Amino acid sequence: MSGDHPLLSSPDSPSAPLVQPSTLAERLEQLLPDGSSCPSILDSNDDGQAESLLVREYIVDSDCGDGPGKPIFPVGPESRPQFPLEYPTRHKKRQASWGTMELHSINGNSESHDVLQAPSGVQEKANKSHPDILLHEDPRLIYIDDPKRTNDNNEFTGNEIRTSQYTLITFLPKNVFIQFHRVAYLYFLVIAVLNQLPPLAVFGRTASLFPLLFVLCVTAIKDGYEDWRRHRSDNYENNRESLVLQSGQFRVKKWKNIQVGEVLKICADDSIPCDMVMLGTSDPSGIAYIQTMNLDGESNLKTRFARQETSSAVAEGCTIMGIIRCEQPNRNIYEFTANMEFNGHTFPLTQSNIVLRGCQLKNTEWIIGVVVYAGQETKAMLNSAASPPKRSKVERYMNRETLSLSIFLFVMCSVVAAGMGTWLIRHKHQLDTLPYYRKRFFSNWGKLNGKTYRYYGIPMEILFSFLSSVIVFQIMIPISLYITVELVRLGQSYFMIEDRHMFDCNSGARFQCRSFNINEDLGQIRYIFSDKTGTLTENKMEFRRASIYGKDYGSCVLVADQLQEENDTGGGVARKRWKLKSEVAVDSELMELLHKDLSEDERIAAHEFFLTLAACNTVVPIVSTGTSSSCAKDDLDVDSIDYQGESPDEQALVAAASSYRYTLFERTSGHIAIDVNGEKLRLDVLGLHEFDSVRKRMSVVIRFPNNTIKVLVKGADTSMLSILANDSQRDDELRHSTQRHLNEYSSQGLRTLVVAARDLTNEELEQWQGMYEDASTSLSDRSLKLRQTAALIESNLKLLGATAIEDKLQDGVPEAIESLRQAGIKVWVLTGDKQETAISIGVSCKLLTADMQQIIINGTSEAECRNLLVDAMEKYGVQSSNEINQSLRCKSNAASDYLVLPDEVKMSNVPKCHAGKEEGKVSAPLALIIDGNSLLFDLATSCSVVVCCRVAPLQKAGIVDLVKTRTDDMTLAIGDGANDVSMIQMADVGVGICGQEGRQAVMASDFAMGQFRFLKRLLLVHGHWNYQRIGYLVIYNFYRNAVYILSTSFSTTSSLTDYSSVFYSLIYTSVPTIVVGVLDKDLSHRTLLQYPKLYGSGHRQEAYNVPLFWITMLDTLWQSLVLFYVPLFTYKESTIDIWSMGSLWTISVVILVNVHLAMDIHRWVFITHLAVWGSIIITYACVVILDSIPVFPNYWTIYHLACSATYWITILLIIVVALLPRFVYKVVHHIFWASDIQIAREAEMLT
């Protein structure tokens, strides 16, 4: 029993009404110079216990008997854990305010999320240019309702926003500058410039510029259209209107004209135009409800408060004059540090007192506030940066091949230049009579007398020959490849989005492609890092079991409605009845215990247990009144009640309390009202201690009607069991029995919490009040002082019991994980749950199977961690180099559980599991279960499955970064909450689940879907298709361009017309490439899903690798030689000119590359036939048109050639001879070394 005072009393009993909330204590503060880091959750739940709680200050009314106007302050969150991979020191710069953003998920987790760049480590360093936000260093002064004075003394920005990138003046130079960040574009620009020089003009000057200008124009049009849409959106936002206080009256003013220091009035359902400190609301208690969906994606309502001092002045119609000293603008949307001077008093302001731009006012008639941040300085605009850009693995390899071809091109040009020099030296005495390299003009008439003719000396001629060769061979570097790949990716994304098999009917969420440049990476994933709650599970919590006073309840359950009817049928007086949106099963034995008129300890403990569940939360009850005549004798007064909270956990616990007739039905700024079995109990809330990752618990200070003051606490078992009282043997027995029940619940996959309470004496209350006054007004180390204040009352608690909540698996999760593992993908689950819960969930979702050897590591010190890991590696045959064993250090910190691994560990040191190859070794697959205190790279990468328990959000990103940087494997991270954003952005591919925790994960992801099971189809089907297509597309484009390099001798004189060279990549051969890249399918989706091991072709890089590239280049060399010499020998004795030969080469190469493509197409459809054969027809049409123009040198050549049978026989001979080696190679390889894909394709054809 936690007190000697009765808790139930008449509603008429005297209470201590609380007048006005004054602050919501600070949320997790940003990193400070003392070495504090971004907070993260490490508790018994997957993403941390969902306690994003309201913390309020109250002033006790003078009638309460505790003295006139004596302030009583609660404790805010005190989160200052350490989770960086590198331990920060006091002298290091703060790492969060400008370069990162702290996000708070629905589960109440706070973490650091990178919003600008993808760092190589987990946490980016802050932007050096950002000013320190600590008030005592550089405060921001806001004079309330005096914008002129406010802005005269400072250079604050206006409220006009701009998300567009260009203006009419800057568009052209800025866009061109950005586009030329691609090295290939610079290369082609240099080529075009060289071609403008008279000695090097191989092609026409205009024609040489056309490909580059075409690419630049297409990209510029796309960028311009996107920026025009941003301009249109900006104009709409800037011209919206709000009410601004001017000359004592609220008048309409456009958003763009609002200034810092002005007082605004926002009405219900209106959007907030800027960041405002609330001064008053339509609610007398100063409370307001806002929706932050546009800011953080969370749809639940959040409460904000106006200070009592300003709210009273607003209600009385008084003029508000004062000064606000606040922090400088920063990205942290869950923290606000400021002080206000008003009527001679200084009091703190926190995040509960500010409403941010982009939020909407809900369930409140109006609010009045003063602008503190406007325009680009608002938190919403500071957080509007896009996700870090990612590049696909194939694209990185493509750049490598481009460099190789550039070196090869340089060698070719050097050979041509050397040959040219040799030829000139051999014929230097004949240069006056040669047609093209004579020294002087033949004619001595007029101005030409004595003039040199295109001759600059042998050294310069060699140089010109080298540069001319660069121009001629430029096509080896395919500029069209970039646009082709982008168009193919766009087409692939369209078909992924339209895939009806990835549409979630329950939520209506369709598949989203938020990044178009990494589609092919989906076919090469080796590691999947998955969150658990909301990702593998539904994140819809249901209260299942409870341990109360050492006894387990929940085995014998009834639906609450049935039990209610059984109890109501015998009564003659109509009673208030609460109907939940979704009913919860209750234990009949526990229900009887709760409503017996007994005073024994067990009954009182059960009573306090459910009071804690109903009171210790921030859930907002929504009541709708009605009547019901379900009983024959009586009409019951039925009120439907729904709970809106910031986490499913809180809602489940409050709903469970309601099912046991402890119904929270009213919440105001100063009190809550609970219906206890028909009796209304009004409790004054003196303070709430927010849930944070250091304490891993939350508490509420309550004044009961008889003036008893209690602190009710719930939290993770690891944090709660250490602060319990142990005064008697009964306490010890109760603790052990509860611990046994907790282990049983965890083994069943249930999420657990421990519940406790104790009385507070007046002395403790006064001491707590004094400490909080000092801590809440401190401008340095505020969170540390608040944490110390919280420790004062969260101690010597009386254990009441524990709760167990079930979070069911999503449909199809076990089957999806099994298929992914069969595909050779290693699945790692990173969860904040305790070990037993994680193992249970792992078994139920088929992540852990019966044939696996489970390696469980629970090291709490460096020595213990090392011994456990070394023993496991020896037992299961995992080998590692001595250098790794000497350099790896697993370090543990009691508060933060962070990981330090040296940079010397490279991917070449990744161990191989030799289980079963030595005597005594176990051959079964390995599964590693490890907590947040220890991790070894060698052992983890040797296991098929890794489950990391009790890991913080920042640690999740650290684990992903560990595997990503020390292996060459592709990583994918999938999650549903804001606490998964850093992990999603760190991985090569990030997938967001449209779940119950808002849309932060979706907004930060590359792809988004409604259910985890869709990941199976995304990877095994679309990932496989995309990789095969893009891999072939890149190699084919290199082949297509390289085979077109034709010249005569060493002179670099081209036989091809300028426009033929330009049209070759843009018109003649581009369409078939795009169509095949979008539509071709080597296997059907049914086969790919039936045989997941086919996904391994991406791991082996079968579609695109270095040997395949150079084999293709050798084949290209052969085909180009055939193209050149077959016509040369055929027309050796004829009088055909160079332009006729060029026309023949143009037609031949187009037919050749299209037939080459046709040999590799797996799935022929109508549009494929149209693209491949239609391109040949279009080429003939273009050649006929160009050869019909008299001004062109190839005038009428096609008409002469086409009349000859030799012409058609030559083309046929070129195709057969050029493709014969490739055909033989494909046949032999298919017969003797058939791949898995080829075998599966044959099986498809037979069925």
# chains A, B, ... in the order shown; residues from 1 in each chain; ligands from 1
call {"tool": "residues_around", "arguments": {"residues": "Val470 in chain A", "least_positions_apart": "5", "cutoff": "9 Å", "atoms": "only C-alpha atoms", "output": "PDB file with C-alpha atoms, in the first residue's frame"}}
result
ATOM      1  CA  ILE A 191      34.544  18.377 -77.328  1.00  0.00           C
ATOM      2  CA  LEU A 409      39.926   6.544 -75.902  1.00  0.00           C
ATOM      3  CA  PHE A 410      43.095   8.427 -74.923  1.00  0.00           C
ATOM      4  CA  MET A 412      43.322   5.223 -79.358  1.00  0.00           C
ATOM      5  CA  CYS A 413      43.794   8.923 -79.981  1.00  0.00           C
ATOM      6  CA  SER A 465      45.247  14.810 -85.217  1.00  0.00           C
TER       7      SER A 465
END
call {"tool": "residues_around", "arguments": {"residues": "Lys265 in chain A", "least_positions_apart": "5", "cutoff": "7 Å", "atoms": "only C-alpha atoms", "output": "PyMOL selection string"}}
result
chain A and resi 243-244+366-369
call {"tool": "write_last_selection", "arguments": {"atoms": "all heavy atoms", "output": "PDB file, in the first residue's frame"}}
result
ATOM      1  N   LEU A 243      -5.609  37.430 -39.120  1.00  0.00           N
ATOM      2  CA  LEU A 243      -5.986  38.605 -38.337  1.00  0.00           C
ATOM      3  C   LEU A 243      -4.800  39.061 -37.503  1.00  0.00           C
ATOM      4  O   LEU A 243      -4.237  38.284 -36.730  1.00  0.00           O
ATOM      5  CB  LEU A 243      -7.176  38.275 -37.429  1.00  0.00           C
ATOM      6  CG  LEU A 243      -8.485  37.907 -38.145  1.00  0.00           C
ATOM      7  CD1 LEU A 243      -9.539  37.476 -37.132  1.00  0.00           C
ATOM      8  CD2 LEU A 243      -8.994  39.084 -38.968  1.00  0.00           C
ATOM      9  N   VAL A 244      -4.427  40.332 -37.666  1.00  0.00           N
ATOM     10  CA  VAL A 244      -3.287  40.907 -36.955  1.00  0.00           C
ATOM     11  C   VAL A 244      -3.772  42.101 -36.146  1.00  0.00           C
ATOM     12  O   VAL A 244      -4.594  42.900 -36.625  1.00  0.00           O
ATOM     13  CB  VAL A 244      -2.176  41.329 -37.945  1.00  0.00           C
ATOM     14  CG1 VAL A 244      -1.007  41.958 -37.202  1.00  0.00           C
ATOM     15  CG2 VAL A 244      -1.711  40.141 -38.766  1.00  0.00           C
ATOM     16  N   TRP A 366     -10.499  29.954 -30.839  1.00  0.00           N
ATOM     17  CA  TRP A 366      -9.468  30.874 -31.292  1.00  0.00           C
ATOM     18  C   TRP A 366      -8.300  30.877 -30.321  1.00  0.00           C
ATOM     19  O   TRP A 366      -8.421  30.468 -29.159  1.00  0.00           O
ATOM     20  CB  TRP A 366     -10.006  32.309 -31.456  1.00  0.00           C
ATOM     21  CG  TRP A 366     -10.713  32.870 -30.241  1.00  0.00           C
ATOM     22  CD1 TRP A 366     -12.062  32.906 -30.032  1.00  0.00           C
ATOM     23  CD2 TRP A 366     -10.110  33.447 -29.066  1.00  0.00           C
ATOM     24  NE1 TRP A 366     -12.357  33.476 -28.814  1.00  0.00           N
ATOM     25  CE2 TRP A 366     -11.163  33.826 -28.195  1.00  0.00           C
ATOM     26  CE3 TRP A 366      -8.812  33.688 -28.665  1.00  0.00           C
ATOM     27  CZ2 TRP A 366     -10.927  34.411 -26.953  1.00  0.00           C
ATOM     28  CZ3 TRP A 366      -8.570  34.277 -27.433  1.00  0.00           C
ATOM     29  CH2 TRP A 366      -9.631  34.633 -26.598  1.00  0.00           C
ATOM     30  N   ILE A 367      -7.177  31.331 -30.823  1.00  0.00           N
ATOM     31  CA  ILE A 367      -6.008  31.581 -29.980  1.00  0.00           C
ATOM     32  C   ILE A 367      -5.409  32.916 -30.385  1.00  0.00           C
ATOM     33  O   ILE A 367      -5.598  33.392 -31.498  1.00  0.00           O
ATOM     34  CB  ILE A 367      -4.941  30.481 -30.100  1.00  0.00           C
ATOM     35  CG1 ILE A 367      -4.384  30.425 -31.541  1.00  0.00           C
ATOM     36  CG2 ILE A 367      -5.478  29.127 -29.672  1.00  0.00           C
ATOM     37  CD1 ILE A 367      -3.181  29.505 -31.683  1.00  0.00           C
ATOM     38  N   ILE A 368      -4.691  33.534 -29.440  1.00  0.00           N
ATOM     39  CA  ILE A 368      -3.969  34.782 -29.696  1.00  0.00           C
ATOM     40  C   ILE A 368      -2.512  34.543 -29.324  1.00  0.00           C
ATOM     41  O   ILE A 368      -2.204  33.956 -28.274  1.00  0.00           O
ATOM     42  CB  ILE A 368      -4.561  35.944 -28.885  1.00  0.00           C
ATOM     43  CG1 ILE A 368      -5.965  36.280 -29.413  1.00  0.00           C
ATOM     44  CG2 ILE A 368      -3.663  37.176 -28.945  1.00  0.00           C
ATOM     45  CD1 ILE A 368      -6.670  37.361 -28.614  1.00  0.00           C
ATOM     46  N   GLY A 369      -1.610  34.980 -30.203  1.00  0.00           N
ATOM     47  CA  GLY A 369      -0.196  34.773 -29.941  1.00  0.00           C
ATOM     48  C   GLY A 369       0.658  35.842 -30.575  1.00  0.00           C
ATOM     49  O   GLY A 369       0.203  36.622 -31.421  1.00  0.00           O
TER      50      GLY A 369
END
call {"tool": "select_by_dssp", "arguments": {"residues": "range 740-877 of chain A", "states": "alpha helix (DSSP H)", "output": "PyMOL selection string"}}
result
chain A and resi 740-747+762-776+782-793+813-822+835-844+862-875
call {"tool": "residues_around", "arguments": {"residues": "range 1157-1168 of chain A", "least_positions_apart": "3", "cutoff": "10 Å", "atoms": "only C-alpha atoms", "output": "PyMOL selection string"}}
result
chain A and resi 1032-1033+1036+1040+1071-1077+1079-1084+1151-1154+1171-1174+1219+1222-1223+1226+1241
call {"tool": "atom_distance", "arguments": {"atom1": "CA of Tyr166 in chain A", "atom2": "CA of Arg230 in chain A"}}
result
9.8 Å
call {"tool": "closest_residue", "arguments": {"among": "A:Cys274, A:Met983, A:Leu264, A:Leu522", "to": "Met496 in chain A", "atoms": "only C-alpha atoms"}}
result
A:Leu522
call {"tool": "residues_around", "arguments": {"residues": "Lys808 in chain A", "least_positions_apart": "6", "cutoff": "9 Å", "atoms": "only C-alpha atoms", "output": "compact mmCIF listing (two decimals) with N, CA, C and O atoms, in the first residue's frame"}}
result
# COMPACT_ATOMS: atom_id res chain seq x y z
N LEU A 536 6.86 -4.90 -38.56
CA LEU A 536 6.50 -6.32 -38.58
C LEU A 536 5.14 -6.53 -37.92
O LEU A 536 4.42 -7.48 -38.25
N THR A 537 4.83 -5.66 -36.98
CA THR A 537 3.56 -5.78 -36.26
C THR A 537 2.61 -4.67 -36.72
O THR A 537 3.00 -3.75 -37.42
N GLU A 538 1.36 -4.76 -36.27
CA GLU A 538 0.35 -3.80 -36.70
C GLU A 538 0.40 -2.48 -35.95
O GLU A 538 -0.21 -1.51 -36.35
N ASN A 539 1.09 -2.46 -34.80
CA ASN A 539 1.12 -1.28 -33.93
C ASN A 539 -0.29 -0.91 -33.45
O ASN A 539 -0.60 0.26 -33.26
N LYS A 540 -1.12 -1.91 -33.34
CA LYS A 540 -2.45 -1.74 -32.74
C LYS A 540 -2.47 -2.56 -31.46
O LYS A 540 -2.60 -3.77 -31.48
N MET A 541 -2.30 -1.86 -30.36
CA MET A 541 -2.07 -2.53 -29.08
C MET A 541 -3.38 -3.02 -28.46
O MET A 541 -4.40 -2.33 -28.51
N GLU A 542 -3.30 -4.19 -27.86
CA GLU A 542 -4.43 -4.76 -27.13
C GLU A 542 -3.94 -5.23 -25.76
O GLU A 542 -2.97 -5.98 -25.67
call {"tool": "select_by_dssp", "arguments": {"residues": "range 468-529 of chain A", "states": "strand (DSSP E)", "output": "count of residues only"}}
result
7
call {"tool": "residues_around", "arguments": {"residues": "Leu972 in chain A", "least_positions_apart": "3", "cutoff": "6 Å", "atoms": "only C-alpha atoms", "output": "list of chain:residue names"}}
result
A:Ile528, A:Ala987, A:Asp988, A:Val989, A:Gly990
call {"tool": "write_last_selection", "arguments": {"atoms": "N, CA, C and O atoms", "output": "PDB file, in the first residue's frame"}}
result
ATOM      1  N   ILE A 528      18.704  -6.558 -44.849  1.00  0.00           N
ATOM      2  CA  ILE A 528      17.494  -5.807 -44.525  1.00  0.00           C
ATOM      3  C   ILE A 528      17.510  -5.516 -43.027  1.00  0.00           C
ATOM      4  O   ILE A 528      17.632  -6.435 -42.207  1.00  0.00           O
ATOM      5  N   ALA A 987      20.706   3.897 -44.836  1.00  0.00           N
ATOM      6  CA  ALA A 987      20.795   2.721 -45.698  1.00  0.00           C
ATOM      7  C   ALA A 987      20.863   3.120 -47.164  1.00  0.00           C
ATOM      8  O   ALA A 987      20.487   4.230 -47.552  1.00  0.00           O
ATOM      9  N   ASP A 988      21.350   2.176 -47.995  1.00  0.00           N
ATOM     10  CA  ASP A 988      21.384   2.429 -49.437  1.00  0.00           C
ATOM     11  C   ASP A 988      19.978   2.625 -49.988  1.00  0.00           C
ATOM     12  O   ASP A 988      19.762   3.440 -50.879  1.00  0.00           O
ATOM     13  N   VAL A 989      19.021   1.852 -49.461  1.00  0.00           N
ATOM     14  CA  VAL A 989      17.620   1.977 -49.857  1.00  0.00           C
ATOM     15  C   VAL A 989      16.788   2.095 -48.591  1.00  0.00           C
ATOM     16  O   VAL A 989      16.928   1.281 -47.671  1.00  0.00           O
ATOM     17  N   GLY A 990      15.956   3.102 -48.520  1.00  0.00           N
ATOM     18  CA  GLY A 990      15.083   3.300 -47.365  1.00  0.00           C
ATOM     19  C   GLY A 990      13.633   3.107 -47.745  1.00  0.00           C
ATOM     20  O   GLY A 990      13.165   3.676 -48.737  1.00  0.00           O
TER      21      GLY A 990
END
call {"tool": "closest_residue", "arguments": {"among": "A:Ala657, A:Lys174, A:Asp976, A:His595", "to": "Ala1008 in chain A", "atoms": "only C-alpha atoms"}}
result
A:Asp976
call {"tool": "atom_distance", "arguments": {"atom1": "CA of Ile1030 in chain A", "atom2": "CA of Glu520 in chain A"}}
result
6.5 Å
call {"tool": "residues_around", "arguments": {"residues": "Trp1196 in chain A", "least_positions_apart": "4", "cutoff": "12 Å", "atoms": "only C-alpha atoms", "output": "number ranges by chain"}}
result
A: 1137, 1139-1140, 1143, 1183-1192, 1200-1203
call {"tool": "closest_residue", "arguments": {"among": "A:Ile161, A:Leu784, A:Ala757, A:Val619", "to": "Glu650 in chain A", "atoms": "only C-alpha atoms"}}
result
A:Val619
